[in-house]
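So this block is start-v1.pdb, PDB, C-alpha atoms:
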```pdb
ATOM      1  CA  MET A   1      36.044  -3.036  12.422
ATOM      2  CA  SER A   2      34.664  -0.586  14.989
ATOM      3  CA  SER A   3      31.965   1.898  14.117
ATOM      4  CA  THR A   4      34.400   4.754  14.857
ATOM      5  CA  GLU A   5      36.221   3.834  11.658
ATOM      6  CA  LEU A   6      33.064   4.184   9.591
ATOM      7  CA  GLN A   7      31.715   7.307   7.948
ATOM      8  CA  ARG A   8      28.090   6.186   8.232
ATOM      9  CA  THR A   9      26.347   3.220   9.851
ATOM     10  CA  ILE A  10      22.867   1.767   9.702
ATOM     11  CA  GLN A  11      21.985  -0.360  12.739
ATOM     12  CA  HIS A  12      19.540  -3.277  12.752
ATOM     13  CA  PRO A  13      17.787  -2.488   9.452
ATOM     14  CA  ILE A  14      14.590  -4.355   8.675
ATOM     15  CA  VAL A  15      14.976  -6.810   5.782
ATOM     16  CA  PRO A  16      14.054  -6.317   2.982
ATOM     17  CA  PHE A  17      16.125  -3.141   3.113
ATOM     18  CA  VAL A  18      16.611  -0.493   0.444
ATOM     19  CA  GLY A  19      18.760   2.533   1.192
ATOM     20  CA  THR A  20      20.525   5.333  -0.637
ATOM     21  CA  ILE A  21      24.330   5.306  -0.687
ATOM     22  CA  LEU A  22      25.059   8.920   0.198
ATOM     23  CA  GLY A  23      27.435  10.406  -2.353
ATOM     24  CA  GLY A  24      27.206   7.256  -4.463
ATOM     25  CA  LEU A  25      29.705   4.434  -4.560
ATOM     26  CA  VAL A  26      33.276   5.416  -5.378
ATOM     27  CA  PRO A  27      36.658   3.661  -5.649
ATOM     28  CA  GLU A  28      38.677   3.248  -2.450
ATOM     29  CA  GLN A  29      35.486   2.906  -0.436
ATOM     30  CA  MET A  30      34.220  -0.101   1.504
ATOM     31  CA  VAL A  31      30.816  -1.338   2.519
ATOM     32  CA  ILE A  32      30.763  -3.588   5.581
ATOM     33  CA  VAL A  33      27.801  -5.803   6.440
ATOM     34  CA  HIS A  34      27.486  -7.653   9.755
ATOM     35  CA  GLY A  35      24.666 -10.113  10.258
ATOM     36  CA  CYS A  36      23.580 -13.681  10.889
ATOM     37  CA  VAL A  37      22.166 -16.439   8.688
ATOM     38  CA  PRO A  38      18.952 -17.883  10.195
ATOM     39  CA  THR A  39      18.863 -21.653  10.591
ATOM     40  CA  ASN A  40      16.025 -21.916   8.049
ATOM     41  CA  SER A  41      17.628 -19.690   5.424
ATOM     42  CA  GLN A  42      17.632 -20.851   1.820
ATOM     43  CA  ARG A  43      19.194 -17.731   0.289
ATOM     44  CA  PHE A  44      19.729 -14.016   0.629
ATOM     45  CA  GLN A  45      21.080 -11.298  -1.624
ATOM     46  CA  ILE A  46      22.901  -7.999  -1.428
ATOM     47  CA  ASP A  47      22.475  -5.776  -4.471
ATOM     48  CA  PHE A  48      24.363  -2.645  -5.478
ATOM     49  CA  GLN A  49      21.749  -0.920  -7.608
ATOM     50  CA  CYS A  50      21.376   2.011  -9.969
ATOM     51  CA  GLY A  51      18.375   3.559  -8.243
ATOM     52  CA  SER A  52      15.467   1.970  -6.382
ATOM     53  CA  SER A  53      12.815   1.651  -9.070
ATOM     54  CA  VAL A  54      10.600  -1.457  -8.867
ATOM     55  CA  GLN A  55       8.649  -1.060 -12.124
ATOM     56  CA  PRO A  56      10.676  -1.111 -14.262
ATOM     57  CA  ARG A  57      13.256  -2.775 -12.034
ATOM     58  CA  ALA A  58      16.403  -0.757 -11.459
ATOM     59  CA  ASP A  59      19.649  -2.035 -12.959
ATOM     60  CA  VAL A  60      21.804  -4.025 -10.544
ATOM     61  CA  ALA A  61      25.531  -3.470 -10.973
ATOM     62  CA  PHE A  62      26.515  -6.230  -8.527
ATOM     63  CA  HIS A  63      24.169  -8.982  -7.340
ATOM     64  CA  PHE A  64      25.711 -11.018  -4.485
ATOM     65  CA  ASN A  65      23.535 -14.048  -3.775
ATOM     66  CA  PRO A  66      24.504 -16.844  -1.337
ATOM     67  CA  ARG A  67      22.292 -19.936  -1.780
ATOM     68  CA  PHE A  68      22.213 -22.762   0.743
ATOM     69  CA  SER A  69      20.290 -25.545  -1.006
ATOM     70  CA  GLY A  70      22.319 -28.571  -2.088
ATOM     71  CA  SER A  71      26.043 -28.138  -1.593
ATOM     72  CA  GLY A  72      25.684 -24.335  -1.547
ATOM     73  CA  VAL A  73      26.863 -21.693  -3.987
ATOM     74  CA  ILE A  74      27.336 -17.939  -4.219
ATOM     75  CA  VAL A  75      25.951 -16.483  -7.447
ATOM     76  CA  CYS A  76      27.110 -13.091  -8.707
ATOM     77  CA  ASN A  77      25.522 -11.299 -11.644
ATOM     78  CA  THR A  78      24.436  -7.998 -13.196
ATOM     79  CA  LEU A  79      20.931  -6.947 -14.205
ATOM     80  CA  LYS A  80      20.747  -4.524 -17.131
ATOM     81  CA  ASP A  81      17.569  -3.343 -18.842
ATOM     82  CA  GLY A  82      15.585  -6.064 -17.090
ATOM     83  CA  LYS A  83      17.848  -8.894 -18.242
ATOM     84  CA  TRP A  84      20.361 -10.869 -16.196
ATOM     85  CA  GLY A  85      23.823 -11.445 -17.595
ATOM     86  CA  TRP A  86      25.948 -14.568 -17.171
ATOM     87  CA  GLU A  87      26.263 -15.990 -13.684
ATOM     88  CA  GLU A  88      29.625 -16.123 -11.941
ATOM     89  CA  LYS A  89      29.552 -18.853  -9.301
ATOM     90  CA  THR A  90      31.720 -19.414  -6.256
ATOM     91  CA  TYR A  91      31.500 -22.703  -4.379
ATOM     92  CA  GLU A  92      33.228 -21.507  -1.234
ATOM     93  CA  ARG A  93      31.025 -21.805   1.849
ATOM     94  CA  PRO A  94      31.842 -18.901   4.201
ATOM     95  CA  PHE A  95      28.301 -18.635   5.596
ATOM     96  CA  VAL A  96      27.037 -21.058   8.238
ATOM     97  CA  LYS A  97      23.391 -21.209   9.275
ATOM     98  CA  GLY A  98      22.908 -19.916  12.788
ATOM     99  CA  LYS A  99      26.298 -18.184  12.785
ATOM    100  CA  PRO A 100      27.217 -14.481  12.509
ATOM    101  CA  PHE A 101      29.187 -13.170   9.529
ATOM    102  CA  GLU A 102      31.063 -10.150   8.273
ATOM    103  CA  ILE A 103      31.171  -9.220   4.584
ATOM    104  CA  ILE A 104      33.476  -6.485   3.301
ATOM    105  CA  PHE A 105      32.854  -5.142  -0.189
ATOM    106  CA  MET A 106      35.937  -3.232  -1.361
ATOM    107  CA  VAL A 107      35.355  -0.938  -4.328
ATOM    108  CA  PHE A 108      37.956  -0.460  -7.054
ATOM    109  CA  PRO A 109      37.790   1.382 -10.389
ATOM    110  CA  ASP A 110      37.463  -1.907 -12.283
ATOM    111  CA  LYS A 111      35.944  -4.355  -9.789
ATOM    112  CA  PHE A 112      34.423  -5.266  -6.469
ATOM    113  CA  GLN A 113      36.532  -7.384  -4.141
ATOM    114  CA  VAL A 114      34.699  -9.333  -1.452
ATOM    115  CA  ALA A 115      36.032 -10.717   1.818
ATOM    116  CA  THR A 116      34.046 -12.735   4.354
ATOM    117  CA  ASN A 117      34.993 -13.294   7.981
ATOM    118  CA  GLY A 118      38.482 -11.952   7.374
ATOM    119  CA  LYS A 119      39.206 -14.074   4.283
ATOM    120  CA  HIS A 120      39.271 -13.155   0.614
ATOM    121  CA  LEU A 121      36.256 -14.624  -1.193
ATOM    122  CA  LEU A 122      35.936 -13.338  -4.768
ATOM    123  CA  VAL A 123      36.511 -10.623  -7.341
ATOM    124  CA  TYR A 124      33.710  -9.320  -9.555
ATOM    125  CA  LYS A 125      34.598  -7.095 -12.502
ATOM    126  CA  HIS A 126      32.323  -4.119 -13.182
ATOM    127  CA  ARG A 127      29.834  -4.601 -16.025
ATOM    128  CA  LEU A 128      28.026  -1.293 -15.437
ATOM    129  CA  ASN A 129      29.480   2.155 -14.837
ATOM    130  CA  LEU A 130      30.295   2.466 -11.123
ATOM    131  CA  GLU A 131      29.126   6.094 -11.137
ATOM    132  CA  ARG A 132      25.542   4.879 -11.593
ATOM    133  CA  VAL A 133      25.488   2.919  -8.320
ATOM    134  CA  ASP A 134      23.622   4.844  -5.616
ATOM    135  CA  THR A 135      21.456   2.283  -3.799
ATOM    136  CA  LEU A 136      22.050  -0.732  -1.561
ATOM    137  CA  SER A 137      19.389  -3.428  -1.308
ATOM    138  CA  ILE A 138      19.340  -6.476   0.994
ATOM    139  CA  SER A 139      16.625  -9.120   0.849
ATOM    140  CA  GLY A 140      15.997 -12.786   1.555
ATOM    141  CA  GLN A 141      16.393 -14.853   4.686
ATOM    142  CA  VAL A 142      19.054 -12.971   6.606
ATOM    143  CA  LYS A 143      19.319 -10.890   9.774
ATOM    144  CA  ILE A 144      21.421  -7.724   9.490
ATOM    145  CA  ASP A 145      22.986  -6.103  12.555
ATOM    146  CA  ILE A 146      24.898  -3.250  10.948
ATOM    147  CA  ILE A 147      25.715  -1.778   7.547
ATOM    148  CA  GLY A 148      28.757   0.495   7.477
ATOM    149  CA  PHE A 149      30.274   2.767   4.853
ATOM    150  CA  THR A 150      33.872   3.944   5.050
ATOM    151  CA  ALA A 151      35.006   7.407   4.075
ATOM    152  CA  ASN A 152      36.982   7.713   0.850
ATOM    153  CA  THR A 153      40.318   8.610   2.436
ATOM    154  CA  SER A 154      42.648   5.691   1.780
ATOM    155  CA  PRO A 155      45.254   6.353  -0.971
ATOM    156  CA  GLN A 156      44.776   2.857  -2.380
ATOM    157  CA  GLY A 157      42.544  -0.057  -1.692
ATOM    158  CA  SER A 158      41.396  -1.460   1.607
ATOM    159  CA  GLN A 159      40.890   1.204   4.220
ATOM    160  CA  ALA A 160      40.611  -1.382   6.947
ATOM    161  CA  VAL A 161      44.198  -2.386   6.289
ATOM    162  CA  SER A 162      45.390   1.208   6.158
ATOM    163  CA  LEU A 163      43.834   1.758   9.572
ATOM    164  CA  SER A 164      45.493  -1.344  10.996
ATOM    165  CA  MET A 165      48.809  -0.143   9.581
ATOM    166  CA  ARG A 166      48.452   3.224  11.286
ATOM    167  CA  SER A 167      47.823   1.461  14.570
ATOM    168  CA  LEU A 168      51.392   0.155  14.440
ATOM    169  CA  GLY A 169      52.694   3.714  14.617
ATOM    170  CA  GLY A 170      55.484   5.367  12.670
ATOM    171  CA  ASN A 171      55.622   7.520   9.570
ATOM    172  CA  PRO A 172      55.562   5.450   6.363
ATOM    173  CA  ALA A 173      58.163   6.385   3.765
ATOM    174  CA  GLU A 174      57.721   5.467   0.118
ATOM    175  CA  LEU A 175      60.721   3.459  -1.012
ATOM    176  CA  SER A 176      60.544   4.399  -4.698
ATOM    177  CA  GLU A 177      58.345   6.098  -7.255
ATOM    178  CA  ASN A 178      58.929   3.341  -9.800
ATOM    179  CA  PHE A 179      57.086   0.143  -8.932
ATOM    180  CA  THR A 180      57.942  -1.842 -12.044
ATOM    181  CA  VAL A 181      58.425  -5.581 -11.388
ATOM    182  CA  PRO A 182      61.079  -6.907 -10.880
ATOM    183  CA  TYR A 183      61.452  -4.278  -8.174
ATOM    184  CA  THR A 184      64.326  -3.344  -5.858
ATOM    185  CA  GLY A 185      64.001  -0.759  -3.117
ATOM    186  CA  THR A 186      66.193   0.484  -0.277
ATOM    187  CA  LEU A 187      64.558   0.508   3.153
ATOM    188  CA  PRO A 188      64.447   4.015   4.694
ATOM    189  CA  ILE A 189      65.709   2.537   7.983
ATOM    190  CA  VAL A 190      67.574  -0.752   8.408
ATOM    191  CA  MET A 191      65.554  -3.633   9.796
ATOM    192  CA  GLY A 192      65.155  -4.120  13.536
ATOM    193  CA  ALA A 193      62.552  -4.611  16.235
ATOM    194  CA  GLY A 194      59.563  -2.352  15.622
ATOM    195  CA  ARG A 195      60.238  -1.830  11.902
ATOM    196  CA  THR A 196      57.446  -2.316   9.377
ATOM    197  CA  VAL A 197      57.348  -2.856   5.613
ATOM    198  CA  VAL A 198      54.106  -2.678   3.625
ATOM    199  CA  VAL A 199      53.639  -3.956   0.066
ATOM    200  CA  LYS A 200      50.466  -3.067  -1.843
ATOM    201  CA  GLY A 201      49.728  -4.716  -5.158
ATOM    202  CA  GLU A 202      47.484  -6.806  -7.334
ATOM    203  CA  VAL A 203      47.964 -10.451  -8.283
ATOM    204  CA  ASN A 204      48.064 -10.977 -12.050
ATOM    205  CA  LYS A 205      45.153 -12.723 -13.772
ATOM    206  CA  ASN A 206      47.062 -15.908 -14.661
ATOM    207  CA  ALA A 207      49.564 -15.724 -11.843
ATOM    208  CA  LYS A 208      51.689 -18.721 -10.909
ATOM    209  CA  LEU A 209      53.821 -17.220  -8.145
ATOM    210  CA  PHE A 210      55.596 -14.134  -6.871
ATOM    211  CA  ALA A 211      58.256 -13.438  -4.262
ATOM    212  CA  ILE A 212      59.055 -10.723  -1.737
ATOM    213  CA  ASP A 213      62.579 -10.784  -0.275
ATOM    214  CA  LEU A 214      64.151  -8.812   2.567
ATOM    215  CA  LYS A 215      67.927  -8.950   2.338
ATOM    216  CA  PRO A 216      71.237  -7.172   2.870
ATOM    217  CA  SER A 217      72.602  -5.278  -0.115
ATOM    218  CA  ASP A 218      76.162  -6.542   0.271
ATOM    219  CA  SER A 219      75.594 -10.287  -0.140
ATOM    220  CA  LYS A 220      73.412 -12.937  -1.799
ATOM    221  CA  ASP A 221      71.802 -13.805   1.534
ATOM    222  CA  ILE A 222      68.014 -13.474   1.888
ATOM    223  CA  ALA A 223      66.797 -12.934   5.433
ATOM    224  CA  LEU A 224      63.097 -13.391   4.638
ATOM    225  CA  HIS A 225      61.779 -14.986   1.449
ATOM    226  CA  LEU A 226      57.992 -14.818   1.027
ATOM    227  CA  ASN A 227      56.790 -16.883  -1.930
ATOM    228  CA  PRO A 228      53.039 -17.299  -2.606
ATOM    229  CA  ARG A 229      52.449 -20.102  -5.150
ATOM    230  CA  MET A 230      49.019 -19.780  -6.698
ATOM    231  CA  LYS A 231      48.518 -23.210  -8.270
ATOM    232  CA  GLN A 232      49.491 -25.180  -5.185
ATOM    233  CA  LYS A 233      47.968 -22.581  -2.814
ATOM    234  CA  LEU A 234      51.170 -22.537  -0.797
ATOM    235  CA  PHE A 235      52.718 -19.549   0.930
ATOM    236  CA  VAL A 236      56.361 -20.580   1.305
ATOM    237  CA  ARG A 237      58.725 -18.882   3.770
ATOM    238  CA  ASN A 238      62.475 -19.465   3.806
ATOM    239  CA  THR A 239      65.958 -17.993   4.273
ATOM    240  CA  TYR A 240      68.973 -18.181   1.947
ATOM    241  CA  LEU A 241      72.285 -18.418   3.824
ATOM    242  CA  TYR A 242      75.769 -19.630   2.885
ATOM    243  CA  ASP A 243      74.711 -20.213  -0.755
ATOM    244  CA  SER A 244      71.864 -22.564   0.133
ATOM    245  CA  TRP A 245      68.176 -22.497   1.064
ATOM    246  CA  GLY A 246      67.035 -23.590   4.475
ATOM    247  CA  GLU A 247      63.979 -25.664   5.335
ATOM    248  CA  GLU A 248      60.732 -24.315   3.880
ATOM    249  CA  GLU A 249      57.844 -23.304   6.100
ATOM    250  CA  ASN A 250      54.416 -23.374   4.486
ATOM    251  CA  GLN A 251      51.870 -24.162   7.218
ATOM    252  CA  LEU A 252      48.844 -21.904   6.859
ATOM    253  CA  ASN A 253      45.189 -21.938   7.905
ATOM    254  CA  HIS A 254      44.085 -20.459   4.592
ATOM    255  CA  PHE A 255      45.771 -19.226   1.425
ATOM    256  CA  PRO A 256      45.130 -15.460   1.227
ATOM    257  CA  PHE A 257      45.714 -14.724  -2.475
ATOM    258  CA  SER A 258      43.602 -15.064  -5.590
ATOM    259  CA  PRO A 259      44.050 -13.988  -9.249
ATOM    260  CA  GLU A 260      43.272 -10.302  -9.876
ATOM    261  CA  MET A 261      43.049  -9.692  -6.145
ATOM    262  CA  TYR A 262      44.281  -6.457  -4.563
ATOM    263  CA  PHE A 263      46.315  -7.005  -1.393
ATOM    264  CA  GLU A 264      48.161  -5.129   1.302
ATOM    265  CA  LEU A 265      50.883  -7.235   2.899
ATOM    266  CA  ILE A 266      52.411  -6.098   6.193
ATOM    267  CA  ILE A 267      55.756  -7.360   7.497
ATOM    268  CA  TYR A 268      56.327  -6.387  11.132
ATOM    269  CA  CYS A 269      59.691  -7.126  12.713
ATOM    270  CA  GLU A 270      60.093  -8.150  16.339
ATOM    271  CA  ALA A 271      63.304  -9.014  18.179
ATOM    272  CA  GLN A 272      62.922 -12.750  17.604
ATOM    273  CA  LYS A 273      60.625 -13.017  14.573
ATOM    274  CA  PHE A 274      58.719 -11.432  11.701
ATOM    275  CA  LYS A 275      54.925 -11.202  11.750
ATOM    276  CA  VAL A 276      53.103 -11.196   8.409
ATOM    277  CA  ALA A 277      49.529 -10.088   7.703
ATOM    278  CA  VAL A 278      47.530  -9.778   4.463
ATOM    279  CA  ASN A 279      44.564  -7.415   4.177
ATOM    280  CA  GLY A 280      44.485  -6.868   7.912
ATOM    281  CA  VAL A 281      44.503 -10.570   8.858
ATOM    282  CA  HIS A 282      47.513 -12.039  10.682
ATOM    283  CA  LEU A 283      48.810 -15.107   8.820
ATOM    284  CA  PHE A 284      51.978 -16.383  10.430
ATOM    285  CA  GLU A 285      55.191 -15.714  12.328
ATOM    286  CA  TYR A 286      58.686 -16.509  11.087
ATOM    287  CA  LYS A 287      61.589 -16.791  13.520
ATOM    288  CA  HIS A 288      64.748 -15.003  12.464
ATOM    289  CA  ARG A 289      67.389 -17.236  10.913
ATOM    290  CA  TYR A 290      69.440 -14.312   9.637
ATOM    291  CA  LYS A 291      70.572 -12.826  12.933
ATOM    292  CA  ASP A 292      72.159  -9.485  12.018
ATOM    293  CA  LEU A 293      68.939  -7.557  11.433
ATOM    294  CA  SER A 294      70.808  -4.257  11.094
ATOM    295  CA  LYS A 295      72.222  -5.416   7.744
ATOM    296  CA  ILE A 296      68.758  -5.949   6.197
ATOM    297  CA  ASN A 297      68.335  -2.818   4.094
ATOM    298  CA  THR A 298      66.838  -3.966   0.769
ATOM    299  CA  ILE A 299      63.540  -5.352  -0.514
ATOM    300  CA  THR A 300      63.121  -7.077  -3.873
ATOM    301  CA  ILE A 301      59.847  -8.175  -5.489
ATOM    302  CA  ASN A 302      59.417 -10.268  -8.609
ATOM    303  CA  GLY A 303      56.949 -12.577 -10.280
ATOM    304  CA  ASP A 304      53.317 -12.382 -11.338
ATOM    305  CA  VAL A 305      52.240  -9.272  -9.502
ATOM    306  CA  GLN A 306      51.656  -5.576 -10.181
ATOM    307  CA  LEU A 307      52.851  -3.200  -7.482
ATOM    308  CA  VAL A 308      50.881  -0.200  -6.283
ATOM    309  CA  ASP A 309      53.004   0.958  -3.349
ATOM    310  CA  VAL A 310      55.932  -0.138  -1.186
ATOM    311  CA  ARG A 311      56.596   1.631   2.093
ATOM    312  CA  GLY A 312      58.646   1.166   5.233
ATOM    313  CA  TRP A 313      59.207   2.763   8.600
TER     314      TRP A 313
END
```
As C-alpha cells, please, write out the structure in this file.
Amino acid sequence: MSSTELQRTIQHPIVPFVGTILGGLVPEQMVIVHGCVPTNSQRFQIDFQCGSSVQPRADVAFHFNPRFSGSGVIVCNTLKDGKWGWEEKTYERPFVKGKPFEIIFMVFPDKFQVATNGKHLLVYKHRLNLERVDTLSISGQVKIDIIGFTANTSPQGSQAVSLSMRSLGGNPAELSENFTVPYTGTLPIVMGAGRTVVVKGEVNKNAKLFAIDLKPSDSKDIALHLNPRMKQKLFVRNTYLYDSWGEEENQLNHFPFSPEMYFELIIYCEAQKFKVAVNGVHLFEYKHRYKDLSKINTITINGDVQLVDVRGW
C-alpha cells in the first residue's frame, strides 16, 4: 500500500514508540505497520491502548505479541484494570527473523482482523469499548519503517481492497438491497471481458462451506462455481455443463478464509479466463469452460456466510 492511500504516516519511529491515534480508532479504519524482525529478536508487541499512562498502566484493548522462542507463537490479550485476561494464541509463523513484514490491522465494530504479508492471520473480538482506544504502542525487539493510518471512507471493511477495486475502473452497481443467504442477484451488465463482480461478506463462526456461482438465468448451467471448504481448507473451482460437473480445480498457495473473517472477493473477467482475488490478494485464474459469456447474467450465493454487499460493473 502506497503512502498516498494513507491519511497519516509515521516514518522510522524509534522503538519503544507511543503515539496518539488522532481522532481515535473507529470502524472501517486500518492501521498498517511495515518493519523488520531483527535476527536476535525474541519478541515484540503492538498494543492498542486506552491512553498512555504508565502508573497505573493504561488499559490495553488489543495486545498483539509475536514470540519467537521455541516453535513460536502469537499471543493476543486484553489488559483491564491492571489485569490480563485469557490469552488467545495463534501458532502461525508469518514473521521471519531478518525479513521485512507488513501487518494490517482492520477495525470492525466487533473485532480486529489482522493480515500479515498479504494473508489473513487472525480475528480478535473486542473486550473493551473501541471508543476508548486512542493510543498505539510498539515495543520489543523490532525495527519499524512506517506506521500508516487510513481515512475512514470505505463503506464496509478493508479500505485497501476498496482501493484496489477502484483501480479496475467502472462504476459499481449494487445488485440488490436484500443480502439474505441463499442469495440470487441479476448482474447489471452481462458477463464479458472487463466485467467485475465483488462480493463482501463475513464467514460464519462454525462455517463448513459456502458457494458463489455465476450462471445464465435460462438453464441449470454454472459457468463459474467458487466453493471454499473450511474444514479441508480447499477452495474448489468448477463448471456445471450438460447436467454434470467438470473436473475440480483446487490448487492454491494458501487458503484465504477463516471463521468470523470479513472478506472482499473480486471476480474479474478476461476474454479467456476469470481472475479471483480475496482482500486485495490475487489467488488464482480459471479458464472459461462455459464459452458464451454474454449469457452469464446471474449470481447466486449460499452456505455458511453472511453477505454485506454484492456489486458488479
Minimum-distance residue to A:Leu226, chosen among A:Ile301, A:Val203, A:Leu187, A:Ala58 (using all atoms listed in the file):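 Nearest to A:Leu226: A:Ile301.
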Protein and nucleic acid residues near (38.0, -8.9, -5.0) (cut-off 12 Å, all atoms listed in the file) as a VMD selection string: chain A and resid 30 103 to 116 119 to 126 157 to 158 202 to 203 205 256 to 263 279
Generate the output file for the selected residues, C-alpha atoms, as a compact mmCIF listing (two decimals), in the frame of the given file.
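Listing of out.txt after writing:
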```
# COMPACT_ATOMS: atom_id res chain seq x y z
CA MET A 30 34.22 -0.10 1.50
CA ILE A 103 31.17 -9.22 4.58
CA ILE A 104 33.48 -6.48 3.30
CA PHE A 105 32.85 -5.14 -0.19
CA MET A 106 35.94 -3.23 -1.36
CA VAL A 107 35.35 -0.94 -4.33
CA PHE A 108 37.96 -0.46 -7.05
CA PRO A 109 37.79 1.38 -10.39
CA ASP A 110 37.46 -1.91 -12.28
CA LYS A 111 35.94 -4.36 -9.79
CA PHE A 112 34.42 -5.27 -6.47
CA GLN A 113 36.53 -7.38 -4.14
CA VAL A 114 34.70 -9.33 -1.45
CA ALA A 115 36.03 -10.72 1.82
CA THR A 116 34.05 -12.74 4.35
CA LYS A 119 39.21 -14.07 4.28
CA HIS A 120 39.27 -13.16 0.61
CA LEU A 121 36.26 -14.62 -1.19
CA LEU A 122 35.94 -13.34 -4.77
CA VAL A 123 36.51 -10.62 -7.34
CA TYR A 124 33.71 -9.32 -9.56
CA LYS A 125 34.60 -7.10 -12.50
CA HIS A 126 32.32 -4.12 -13.18
CA GLY A 157 42.54 -0.06 -1.69
CA SER A 158 41.40 -1.46 1.61
CA GLU A 202 47.48 -6.81 -7.33
CA VAL A 203 47.96 -10.45 -8.28
CA LYS A 205 45.15 -12.72 -13.77
CA PRO A 256 45.13 -15.46 1.23
CA PHE A 257 45.71 -14.72 -2.48
CA SER A 258 43.60 -15.06 -5.59
CA PRO A 259 44.05 -13.99 -9.25
CA GLU A 260 43.27 -10.30 -9.88
CA MET A 261 43.05 -9.69 -6.14
CA TYR A 262 44.28 -6.46 -4.56
CA PHE A 263 46.32 -7.00 -1.39
CA ASN A 279 44.56 -7.42 4.18
```
List the neighbours of A:Asp221 out to 10 Å using all atoms listed in the file; skip same-chain residues closer than 6 positions along the sequence, and give me the result as an mmCIF file with C-alpha atoms, in the coordinates of the input.
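Result file follows (part15.cif):
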```cif
data_model
loop_
_atom_site.group_PDB
_atom_site.id
_atom_site.type_symbol
_atom_site.label_atom_id
_atom_site.label_comp_id
_atom_site.auth_asym_id
_atom_site.auth_seq_id
_atom_site.Cartn_x
_atom_site.Cartn_y
_atom_site.Cartn_z
ATOM 1 C CA ASP A 213 62.579 -10.784 -0.275
ATOM 2 C CA LEU A 214 64.151 -8.812 2.567
ATOM 3 C CA LYS A 215 67.927 -8.950 2.338
ATOM 4 C CA THR A 239 65.958 -17.993 4.273
ATOM 5 C CA TYR A 240 68.973 -18.181 1.947
ATOM 6 C CA LEU A 241 72.285 -18.418 3.824
ATOM 7 C CA TYR A 242 75.769 -19.630 2.885
ATOM 8 C CA ASP A 243 74.711 -20.213 -0.755
ATOM 9 C CA SER A 244 71.864 -22.564 0.133
ATOM 10 C CA TRP A 245 68.176 -22.497 1.064
ATOM 11 C CA TYR A 290 69.440 -14.312 9.637
ATOM 12 C CA ILE A 296 68.758 -5.949 6.197
#
```
What would the selection look like, as a ChimeraX atom specification, if the PyMOL selection byres ((chain A and resi 31-34) around 8) were run on the coordinates I just shared? /A:29-30,35-36,100-106,144-150
Residues within 8 Å of A:Thr20, all atoms listed in the file, excluding chain neighbours under 5 positions, as a PyMOL selection string: chain A and resi 134-136
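Those DNA, RNA and protein residues that approach the point (19.6, -22.4, -0.9) to within 9 Å, considering all atoms listed in the file, are Ser41, Gln42, Arg43, Phe44, Pro66, Arg67, Phe68, Ser69, Gly70, Ser71, Gly72 and Val73 of chain A.
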Residue contacts of stretch 89-97 of chain A (6 Å, all atoms listed in the file) excluding same-chain residues fewer than 3 positions away, as a PDB file with C-alpha atoms, in the frame of the given file:
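Once everything was written out, this is result35.pdb:
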```pdb
ATOM      1  CA  VAL A  37      22.166 -16.439   8.688  1.00  0.00           C
ATOM      2  CA  PRO A  38      18.952 -17.883  10.195  1.00  0.00           C
ATOM      3  CA  THR A  39      18.863 -21.653  10.591  1.00  0.00           C
ATOM      4  CA  VAL A  73      26.863 -21.693  -3.987  1.00  0.00           C
ATOM      5  CA  ILE A  74      27.336 -17.939  -4.219  1.00  0.00           C
ATOM      6  CA  VAL A  75      25.951 -16.483  -7.447  1.00  0.00           C
TER       7      VAL A  75
END
```
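The residue that comes closest to A:Ile14, out of A:Gln272, A:Glu88, A:Lys99, A:Lys143 and on the basis of all atoms listed in the file, is A:Lys143.
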What does the distance from atom CA of A:Lys220 to atom CA of A:Asn206 come to in Å, to one decimal?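 Taking atom CA of A:Lys220 and atom CA of A:Asn206, their separation equals 29.5 Å.
For the pair atom CA of A:Gln232 and atom CA of A:His288, the separation is 25.5 Å.
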Ranking A:Leu25, A:Val15, A:Val197, A:Leu128 by minimum distance to A:Phe62 and counting all atoms listed in the file, which one comes first?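 Using all atoms listed in the file, A:Phe62 sits closest to A:Leu128.
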Measuring atom to atom with all atoms listed in the file, identify which of A:Val133, A:Val142, A:Ile267, A:Val308 is nearest to A:His12.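 Looking at the shortest contact to A:His12, the residue is A:Val142.
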Which residues are near A:Gln306? Cut-off 9 Å, all atoms listed in the file, ignore same chain within fewer than 3 positions. Put them as a list in words. Phe179, Thr180, Val181, Lys200, Gly201, Glu202, Val203, Asn204 and Gly303 of chain A
